[in-house]
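Asker: Structure: upload_34.txt, compact mmCIF, C-alpha atoms and all ligand atoms.
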# COMPACT_ATOMS: atom_id res chain seq x y z
CA MET A 1 0.00 0.00 0.00
CA PRO A 2 1.36 3.44 -0.86
CA GLU A 3 2.32 5.35 2.29
CA LEU A 4 3.56 8.91 2.86
CA PRO A 5 6.80 8.65 0.80
CA GLU A 6 5.08 7.02 -2.18
CA VAL A 7 2.14 9.45 -2.15
CA GLN A 8 4.44 12.47 -1.72
CA THR A 9 6.60 11.26 -4.64
CA ILE A 10 3.51 11.26 -6.87
CA VAL A 11 2.35 14.68 -5.64
CA THR A 12 5.81 16.17 -6.22
CA ALA A 13 5.77 14.89 -9.81
CA LEU A 14 2.23 16.14 -10.53
CA GLN A 15 2.58 19.63 -9.02
CA PRO A 16 4.76 21.33 -11.68
CA LYS A 17 2.83 19.81 -14.57
CA LEU A 18 -0.78 20.16 -13.45
CA THR A 19 -0.90 23.21 -11.16
CA GLY A 20 -2.67 26.11 -12.90
CA GLN A 21 -3.97 23.87 -15.70
CA ILE A 22 -7.58 23.42 -16.75
CA ILE A 23 -9.36 20.07 -16.49
CA ARG A 24 -10.74 19.83 -20.03
CA ARG A 25 -12.62 16.57 -19.68
CA VAL A 26 -13.01 13.57 -17.39
CA GLN A 27 -13.82 10.06 -18.57
CA ILE A 28 -15.56 8.05 -15.88
CA ARG A 29 -15.29 4.36 -16.68
CA ARG A 30 -16.33 3.17 -13.22
CA PRO A 31 -18.58 5.63 -11.38
CA ASP A 32 -18.51 3.58 -8.18
CA VAL A 33 -14.93 4.67 -7.36
CA ILE A 34 -16.31 8.18 -6.73
CA SER A 35 -17.74 9.18 -3.33
CA PRO A 36 -20.29 10.33 -2.36
CA THR A 37 -22.05 8.09 -4.86
CA ASN A 38 -24.54 10.73 -6.05
CA THR A 39 -21.79 13.21 -7.02
CA LYS A 40 -21.93 14.49 -10.60
CA PHE A 41 -18.15 14.42 -10.78
CA HIS A 42 -17.83 15.46 -14.43
CA VAL A 43 -20.02 18.51 -13.78
CA PHE A 44 -18.09 19.28 -10.61
CA ILE A 45 -14.65 19.39 -12.27
CA THR A 46 -14.93 19.91 -16.04
CA GLY A 47 -13.52 23.29 -17.07
CA GLN A 48 -12.07 23.95 -13.61
CA LYS A 49 -8.57 25.18 -12.97
CA ILE A 50 -6.37 23.17 -10.59
CA THR A 51 -5.02 25.75 -8.15
CA THR A 52 -3.04 23.41 -5.88
CA ILE A 53 -2.13 19.75 -5.53
CA SER A 54 -1.00 18.71 -2.06
CA ARG A 55 -0.72 15.73 0.26
CA ARG A 56 -2.29 15.14 3.66
CA GLY A 57 -1.63 11.69 5.14
CA LYS A 58 -2.07 9.32 2.22
CA ARG A 59 -4.52 11.63 0.45
CA ILE A 60 -3.72 13.49 -2.78
CA ILE A 61 -5.72 16.70 -2.60
CA PHE A 62 -6.75 18.75 -5.63
CA GLN A 63 -8.01 22.26 -4.98
CA LEU A 64 -10.00 23.86 -7.80
CA GLY A 65 -10.47 27.49 -8.79
CA THR A 66 -14.03 27.46 -7.46
CA GLY A 67 -12.77 26.55 -3.98
CA ASP A 68 -14.05 23.01 -4.37
CA GLN A 69 -11.72 20.20 -3.37
CA PHE A 70 -11.46 16.48 -3.99
CA TYR A 71 -8.87 13.91 -3.00
CA ILE A 72 -7.64 10.64 -4.39
CA HIS A 73 -6.72 7.75 -2.09
CA LEU A 74 -4.67 4.98 -3.67
CA GLY A 75 -5.84 2.26 -1.27
CA MET A 76 -3.85 -0.97 -1.73
CA THR A 77 -3.22 -1.08 -5.46
CA GLY A 78 -4.10 2.37 -6.82
CA ARG A 79 -1.91 4.19 -9.31
CA LEU A 80 -2.03 7.72 -10.65
CA THR A 81 -0.11 7.92 -13.90
CA LEU A 82 0.60 10.74 -16.34
CA THR A 83 0.68 8.96 -19.65
CA THR A 84 -0.11 9.14 -23.33
CA ALA A 85 -0.43 5.36 -23.53
CA ALA A 86 -3.73 3.51 -23.91
CA PRO A 87 -5.40 2.99 -20.54
CA ALA A 88 -4.12 -0.03 -18.61
CA LEU A 89 -6.55 -2.65 -17.35
CA HIS A 90 -8.54 -1.37 -14.33
CA THR A 91 -8.20 2.29 -15.33
CA HIS A 92 -11.36 3.73 -13.81
CA ILE A 93 -10.99 7.47 -14.40
CA ILE A 94 -9.12 9.44 -17.07
CA PHE A 95 -8.57 13.15 -16.48
CA GLU A 96 -7.69 15.23 -19.52
CA ILE A 97 -5.79 18.19 -18.13
CA ALA A 98 -4.23 20.64 -20.63
CA GLU A 99 -2.09 18.39 -22.85
CA TYR A 100 -1.84 15.66 -20.19
CA GLN A 101 -3.82 12.55 -19.46
CA LEU A 102 -3.90 11.46 -15.84
CA HIS A 103 -5.07 7.87 -15.35
CA PHE A 104 -6.41 6.55 -12.06
CA SER A 105 -6.29 2.77 -11.96
CA ASP A 106 -6.97 0.48 -9.00
CA PRO A 107 -7.45 -3.29 -9.55
CA ARG A 108 -8.59 -4.03 -5.99
CA ARG A 109 -10.61 -0.83 -5.61
CA PHE A 110 -9.81 -0.08 -1.98
CA GLY A 111 -8.92 3.42 -3.14
CA GLY A 112 -11.12 6.02 -4.78
CA ILE A 113 -11.97 9.64 -5.42
CA PHE A 114 -13.60 11.62 -2.62
CA CYS A 115 -15.38 14.90 -3.34
CA LEU A 116 -15.27 17.44 -0.53
CA GLY A 117 -16.96 20.47 -2.03
CA LYS A 118 -16.07 23.88 -0.61
CA THR A 119 -16.55 23.31 3.09
CA GLU A 120 -15.48 19.80 4.07
CA SER A 121 -11.87 19.58 5.26
CA PRO A 122 -9.41 17.10 3.75
CA ASP A 123 -8.00 16.75 7.31
CA LYS A 124 -11.11 15.01 8.59
CA GLY A 125 -10.23 11.81 10.47
CA LEU A 126 -6.48 12.42 10.24
CA GLY A 127 -3.96 12.88 13.05
CA PRO A 128 -0.76 14.94 12.78
CA GLU A 129 1.72 14.66 9.92
CA PRO A 130 4.58 12.33 10.96
CA LEU A 131 7.32 14.63 9.59
CA GLU A 132 6.03 17.45 11.79
CA ILE A 133 4.91 15.70 14.96
CA ARG A 134 6.74 16.45 18.23
CA ALA A 135 7.68 13.66 20.66
CA GLY A 136 5.34 15.11 23.30
CA GLU A 137 2.38 15.01 20.93
CA LEU A 138 3.08 11.40 19.95
CA ALA A 139 3.56 10.44 23.63
CA ALA A 140 0.19 12.00 24.50
CA ALA A 141 -1.59 10.10 21.72
CA LEU A 142 0.09 6.81 22.67
CA SER A 143 -0.62 7.22 26.38
CA ARG A 144 -4.35 7.01 25.59
CA THR A 145 -4.23 3.49 24.12
CA THR A 146 -3.27 0.04 25.36
CA ARG A 147 -2.94 -1.33 21.83
CA ALA A 148 0.34 -2.75 20.56
CA ILE A 149 2.55 0.07 19.32
CA LYS A 150 2.56 -1.42 15.81
CA ASN A 151 -1.24 -1.15 15.64
CA ALA A 152 -1.28 2.36 17.08
CA LEU A 153 1.20 3.57 14.44
CA LEU A 154 -1.11 2.29 11.68
CA ASP A 155 -4.05 4.27 13.09
CA GLN A 156 -4.40 7.33 10.82
CA THR A 157 -5.92 9.36 13.67
CA VAL A 158 -2.64 8.89 15.60
CA LEU A 159 -0.29 9.58 12.66
CA ALA A 160 -1.47 10.34 9.15
CA GLY A 161 0.55 8.66 6.41
CA VAL A 162 2.40 5.82 8.14
CA GLY A 163 1.49 2.25 7.13
CA ASN A 164 2.91 -1.23 7.50
CA ILE A 165 6.32 -0.69 5.88
CA TYR A 166 7.41 2.47 7.66
CA ALA A 167 5.92 1.45 11.02
CA ASP A 168 8.04 -1.73 10.96
CA GLU A 169 11.14 0.15 9.83
CA ALA A 170 10.73 2.90 12.46
CA LEU A 171 10.23 0.35 15.27
CA PHE A 172 13.43 -1.44 14.22
CA GLU A 173 15.32 1.86 14.05
CA SER A 174 14.20 2.72 17.59
CA HIS A 175 14.73 -0.85 18.96
CA ILE A 176 11.09 -1.18 20.06
CA HIS A 177 9.26 -4.53 19.91
CA PRO A 178 6.08 -4.17 17.81
CA LEU A 179 3.90 -5.75 20.52
CA THR A 180 4.95 -3.28 23.25
CA ARG A 181 1.86 -1.67 24.80
CA SER A 182 1.62 1.91 23.53
CA ASP A 183 0.91 3.36 26.96
CA GLN A 184 3.96 1.62 28.43
CA LEU A 185 6.59 3.25 26.23
CA SER A 186 9.08 5.33 28.22
CA PRO A 187 9.66 9.00 27.33
CA VAL A 188 13.08 7.99 25.97
CA GLN A 189 11.47 5.37 23.74
CA THR A 190 8.81 7.77 22.43
CA SER A 191 11.45 10.36 21.69
CA SER A 192 13.58 7.79 19.87
CA LEU A 193 10.54 6.51 17.95
CA THR A 194 9.58 10.04 16.86
CA LYS A 195 13.10 10.58 15.49
CA ALA A 196 13.10 7.15 13.83
CA ILE A 197 9.78 7.76 12.05
CA LYS A 198 11.11 11.00 10.57
CA LYS A 199 14.46 9.48 9.63
CA VAL A 200 12.91 6.47 7.91
CA LEU A 201 10.35 8.58 6.01
CA ARG A 202 12.97 11.12 4.88
CA ARG A 203 15.26 8.36 3.61
CA ALA A 204 12.34 6.73 1.77
CA LEU A 205 11.44 10.09 0.18
CA LEU A 206 15.00 10.41 -1.13
CA HIS A 207 14.60 6.98 -2.74
CA ARG A 208 11.15 7.79 -4.17
CA GLY A 209 9.36 5.26 -1.97
CA SER A 210 9.27 1.47 -1.83
CA THR A 211 7.90 -0.89 -4.45
CA LEU A 212 6.95 -4.34 -3.17
CA ARG A 213 4.42 -5.21 -5.84
CA ASP A 214 2.07 -2.54 -7.05
CA TYR A 215 3.43 0.89 -6.33
CA ARG A 216 4.60 3.00 -9.29
CA ASP A 217 5.30 6.73 -9.38
CA ALA A 218 3.45 9.18 -11.64
CA SER A 219 5.66 8.17 -14.59
CA GLY A 220 5.10 4.46 -14.01
CA ASN A 221 8.50 3.79 -12.42
CA PRO A 222 9.05 1.76 -9.21
CA GLY A 223 10.62 3.22 -6.05
CA ASP A 224 14.03 2.15 -4.75
CA PHE A 225 13.75 2.14 -0.98
CA GLN A 226 12.72 -1.54 -0.68
CA LYS A 227 16.43 -2.39 -1.21
CA LEU A 228 17.23 -0.53 2.01
CA HIS A 229 14.51 -2.07 4.22
CA ARG A 230 15.97 -3.44 7.44
CA VAL A 231 12.99 -5.61 8.42
CA TYR A 232 9.93 -5.17 6.20
CA GLY A 233 9.73 -8.03 3.68
CA ARG A 234 12.93 -9.61 5.09
CA GLU A 235 11.47 -12.55 7.03
CA GLY A 236 14.14 -15.25 7.56
CA GLN A 237 16.98 -13.00 6.42
CA PRO A 238 19.74 -11.90 8.83
CA CYS A 239 19.40 -8.69 10.84
CA HIS A 240 21.89 -6.09 9.56
CA ILE A 241 23.01 -5.41 13.15
CA CYS A 242 23.12 -8.80 14.95
CA LYS A 243 22.63 -11.40 12.15
CA THR A 244 19.61 -12.97 13.93
CA LYS A 245 16.87 -13.96 11.50
CA ILE A 246 14.10 -11.39 11.04
CA ILE A 247 10.73 -12.69 12.27
CA ARG A 248 7.29 -11.99 10.83
CA ILE A 249 4.22 -12.24 13.05
CA THR A 250 0.60 -11.36 12.44
CA LEU A 251 -1.42 -9.17 14.75
CA THR A 252 -5.08 -8.34 14.14
CA GLY A 253 -4.82 -9.17 10.46
CA ARG A 254 -1.66 -7.18 9.78
CA SER A 255 1.91 -8.39 9.79
CA ALA A 256 4.88 -7.10 11.74
CA HIS A 257 8.52 -7.77 10.87
CA PHE A 258 11.16 -7.36 13.53
CA CYS A 259 14.47 -8.58 14.97
CA PRO A 260 13.83 -10.54 18.20
CA VAL A 261 17.26 -9.55 19.58
CA CYS A 262 17.48 -5.86 18.65
CA GLN A 263 13.84 -5.12 19.49
CA VAL A 264 13.09 -6.30 23.01
ZN ZN A 301 19.11 -7.65 15.27
Will you turn the file into structure tokens for me?
Ligand SMILES: [Zn+2]
Answerer:
Amino acid sequence: MPELPEVQTIVTALQPKLTGQIIRRVQIRRPDVISPTNTKFHVFITGQKITTISRRGKRIIFQLGTGDQFYIHLGMTGRLTLTTAAPALHTHIIFEIAEYQLHFSDPRRFGGIFCLGKTESPDKGLGPEPLEIRAGELAAALSRTTRAIKNALLDQTVLAGVGNIYADEALFESHIHPLTRSDQLSPVQTSSLTKAIKKVLRRALLHRGSTLRDYRDASGNPGDFQKLHRVYGREGQPCHICKTKIIRITLTGRSAHFCPVCQV
């Protein structure tokens, strides 16, 4: 699933090309990817100027000249591609913007397009941005839950934009076991975790995100950061620090990868 670094990589690529441009036409091949379901999306956006494209959590937010906003969420398998090629299988929406075509495809359809209008905030349901959060803020949020720290980090109301990959990597970096109760982390651990989250996300941004299976950037290219993962996707391989084999466990339907020696 695309997380903050992957989504930001796409936004950074779209901004210089699409900002200030007019949406000439939209082809809706699958109306059910648009929410709310009764939205007349083509009416809502045709002829509108894109004034800004930004990211909040894992959402890609388009602001239009009218003050209306919508966002795209890539879900598990979504892609947003600037292309002149014929639409790939599972391309649900094609935006024609100036001389560009922007294709939204999503085979598993956990993602979609969400219309906000002029008044609804794209921040709704989202906690702080992980690159901006202070240790005290994270500590306060974690002190309110007894869940395993891995689960708390995936909760978008705690941190907006972190998912499975970067939660595992940040817990390794800060030597915290993924099953540690959130409210039992020491101030030193929370501080170290806050730094680790930022460090891991910044490194992933430099490498244009991670591609395990589905993720591609706005030009259709994979990210590079998966080669530098310390734990995620490395089950059975030796820990880079102590050579112990990395373990994968499942907790409430999600997996966690960690080193049983370095993360106690
Ligand atoms: Zn280790």
Asker: Taking all atoms listed in the file into account, list the residues no farther than 7 Å from ligand ZN 301 (chain A), as a short mmCIF file (atom, residue, chain, number, x, y, z; two decimals) with C-alpha atoms, in the coordinates of the input.
Answerer:
data_model
loop_
_atom_site.label_atom_id
_atom_site.label_comp_id
_atom_site.auth_asym_id
_atom_site.auth_seq_id
_atom_site.Cartn_x
_atom_site.Cartn_y
_atom_site.Cartn_z
CA CYS A 239 19.40 -8.69 10.84
CA HIS A 240 21.89 -6.09 9.56
CA ILE A 241 23.01 -5.41 13.15
CA CYS A 242 23.12 -8.80 14.95
CA LYS A 243 22.63 -11.40 12.15
CA THR A 244 19.61 -12.97 13.93
CA CYS A 259 14.47 -8.58 14.97
CA PRO A 260 13.83 -10.54 18.20
CA VAL A 261 17.26 -9.55 19.58
CA CYS A 262 17.48 -5.86 18.65
#
Asker: I need the residue nearest Tyr166 in chain A from this list: A:Ala256, A:Ile10, A:Ile97, A:Cys115. Use all atoms listed in the file for the distance.
Answerer: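 When distances to Tyr166 in chain A are compared using all atoms listed in the file, the smallest one comes from A:Ala256.
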Asker: In Å, rounded to a single decimal, give me how far CA of Leu102 in chain A is from CA of Val26 in chain A.
Answerer: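 These atoms are spaced 9.5 Å apart.
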Asker: Would you please work out which residue, of A:Phe41, A:Tyr232, A:Phe258, A:Phe70, is nearest to Asp123 in chain A when using only C-alpha atoms?
Answerer: A:Phe70
Asker: So which one's closest to Ala167 in chain A, A:Ala98, A:Ala204, A:Ile149, A:Ile45? Using only C-alpha atoms, please.
Answerer: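 Selected residue with least distance to Ala167 in chain A: A:Ile149.
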Asker: Nearest to Pro128 in chain A among A:Leu159, A:Leu4, A:Ala152, A:Ile197, with distances taken over only C-alpha atoms: which residue is it?
Answerer: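 Using only C-alpha atoms, Pro128 in chain A sits closest to A:Leu159.
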Asker: Skipping near chain neighbours, those fewer than 3 positions away, what residues fall within 9 Å of Ser174 in chain A using all atoms listed in the file, listed as a list in words?
Answerer: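 The neighbour list is Glu169, Ala170, Leu171, Gln189, Thr190, Ser192, Leu193, Thr194, Lys195, Ala196, Ile197 and Gln263 of chain A.
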Asker: Set the distance at 9 Å and use only C-alpha atoms: which residues neighbour Arg134 in chain A once local chain neighbours fewer than 4 positions away are removed? I'd like the list as a PDB file with C-alpha atoms, keeping the file's coordinate frame.
Answerer:
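What follows is the written file around39.pdb:
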ATOM      1  CA  PRO A 130       4.580  12.330  10.960  1.00  0.00           C
ATOM      2  CA  LEU A 138       3.080  11.400  19.950  1.00  0.00           C
ATOM      3  CA  ALA A 139       3.560  10.440  23.630  1.00  0.00           C
ATOM      4  CA  SER A 191      11.450  10.360  21.690  1.00  0.00           C
ATOM      5  CA  THR A 194       9.580  10.040  16.860  1.00  0.00           C
TER       6      THR A 194
END
Asker: Return the single residue from A:Leu18, A:Val7, A:Ile23, A:Leu205 that is closest to His73 in chain A, with distances computed using only C-alpha atoms.
Answerer: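 When distances to His73 in chain A are compared using only C-alpha atoms, the smallest one comes from A:Val7.
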Asker: Might you pull out every residue within 10 Å of Leu142 in chain A, with only C-alpha atoms counted and same-chain residues fewer than 6 positions away left off, and present them as an MDAnalysis selection string?
Answerer: chainID A and resid 136 148:149 152:153 158 181:185 190
Asker: Compile the contact shell of Ala85 in chain A as a list in words: residues with an atom at most 12 Å away, counting only C-alpha atoms, same-chain residues fewer than 3 positions apart removed.
Answerer: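 Final neighbour list, sorted by chain and number: Thr81, Leu82, Ala88, Leu89, Thr91, Ile94, Tyr100, Gln101, Leu102, His103, Ser219 and Gly220 of chain A.
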Asker: Would you list the residues near (-11.0, 18.3, 3.4), meaning any protein, DNA or RNA residue with an atom at most 12 Å from that point in file coordinates, counting all atoms listed in the file, as JSON, numbers by chain?
Answerer: {"A": [54, 55, 56, 57, 59, 60, 61, 62, 63, 67, 68, 69, 70, 71, 72, 114, 115, 116, 117, 118, 119, 120, 121, 122, 123, 124, 125, 126]}
Asker: Keeping only C-alpha atoms, take the residues you just selected and write them out as a PDB file, in the frame of the given file.
Answerer:
ATOM      1  CA  SER A  54      -1.000  18.710  -2.060  1.00  0.00           C
ATOM      2  CA  ARG A  55      -0.720  15.730   0.260  1.00  0.00           C
ATOM      3  CA  ARG A  56      -2.290  15.140   3.660  1.00  0.00           C
ATOM      4  CA  GLY A  57      -1.630  11.690   5.140  1.00  0.00           C
ATOM      5  CA  ARG A  59      -4.520  11.630   0.450  1.00  0.00           C
ATOM      6  CA  ILE A  60      -3.720  13.490  -2.780  1.00  0.00           C
ATOM      7  CA  ILE A  61      -5.720  16.700  -2.600  1.00  0.00           C
ATOM      8  CA  PHE A  62      -6.750  18.750  -5.630  1.00  0.00           C
ATOM      9  CA  GLN A  63      -8.010  22.260  -4.980  1.00  0.00           C
ATOM     10  CA  GLY A  67     -12.770  26.550  -3.980  1.00  0.00           C
ATOM     11  CA  ASP A  68     -14.050  23.010  -4.370  1.00  0.00           C
ATOM     12  CA  GLN A  69     -11.720  20.200  -3.370  1.00  0.00           C
ATOM     13  CA  PHE A  70     -11.460  16.480  -3.990  1.00  0.00           C
ATOM     14  CA  TYR A  71      -8.870  13.910  -3.000  1.00  0.00           C
ATOM     15  CA  ILE A  72      -7.640  10.640  -4.390  1.00  0.00           C
ATOM     16  CA  PHE A 114     -13.600  11.620  -2.620  1.00  0.00           C
ATOM     17  CA  CYS A 115     -15.380  14.900  -3.340  1.00  0.00           C
ATOM     18  CA  LEU A 116     -15.270  17.440  -0.530  1.00  0.00           C
ATOM     19  CA  GLY A 117     -16.960  20.470  -2.030  1.00  0.00           C
ATOM     20  CA  LYS A 118     -16.070  23.880  -0.610  1.00  0.00           C
ATOM     21  CA  THR A 119     -16.550  23.310   3.090  1.00  0.00           C
ATOM     22  CA  GLU A 120     -15.480  19.800   4.070  1.00  0.00           C
ATOM     23  CA  SER A 121     -11.870  19.580   5.260  1.00  0.00           C
ATOM     24  CA  PRO A 122      -9.410  17.100   3.750  1.00  0.00           C
ATOM     25  CA  ASP A 123      -8.000  16.750   7.310  1.00  0.00           C
ATOM     26  CA  LYS A 124     -11.110  15.010   8.590  1.00  0.00           C
ATOM     27  CA  GLY A 125     -10.230  11.810  10.470  1.00  0.00           C
ATOM     28  CA  LEU A 126      -6.480  12.420  10.240  1.00  0.00           C
TER      29      LEU A 126
END
Asker: Between CA of Arg248 in chain A and CA of Leu74 in chain A, what is the distance, to one decimal in Å?
Answerer: 25.3 Å
Asker: Quick one: of A:Ile176, A:Ala218, A:Ile246, A:Leu206, who's nearest to Phe104 in chain A, counting only C-alpha atoms?
Answerer: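 That would be A:Ala218, the residue with the smallest distance to Phe104 in chain A.
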Asker: Hey, can you check how far CA of Gly75 in chain A sits from CA of Val231 in chain A?
Answerer: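 For CA of Gly75 in chain A relative to CA of Val231 in chain A, the distance reads 22.6 Å.
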Asker: Axis-aligned box over every listed atom of range 126-136 of chain A, padded by 8 Å per side: centre and edges in Å to one decimal, as JSON?
Answerer:
{"center_x": 0.6, "center_y": 14.9, "center_z": 16.4, "size_x": 30.2, "size_y": 21.1, "size_z": 29.7}
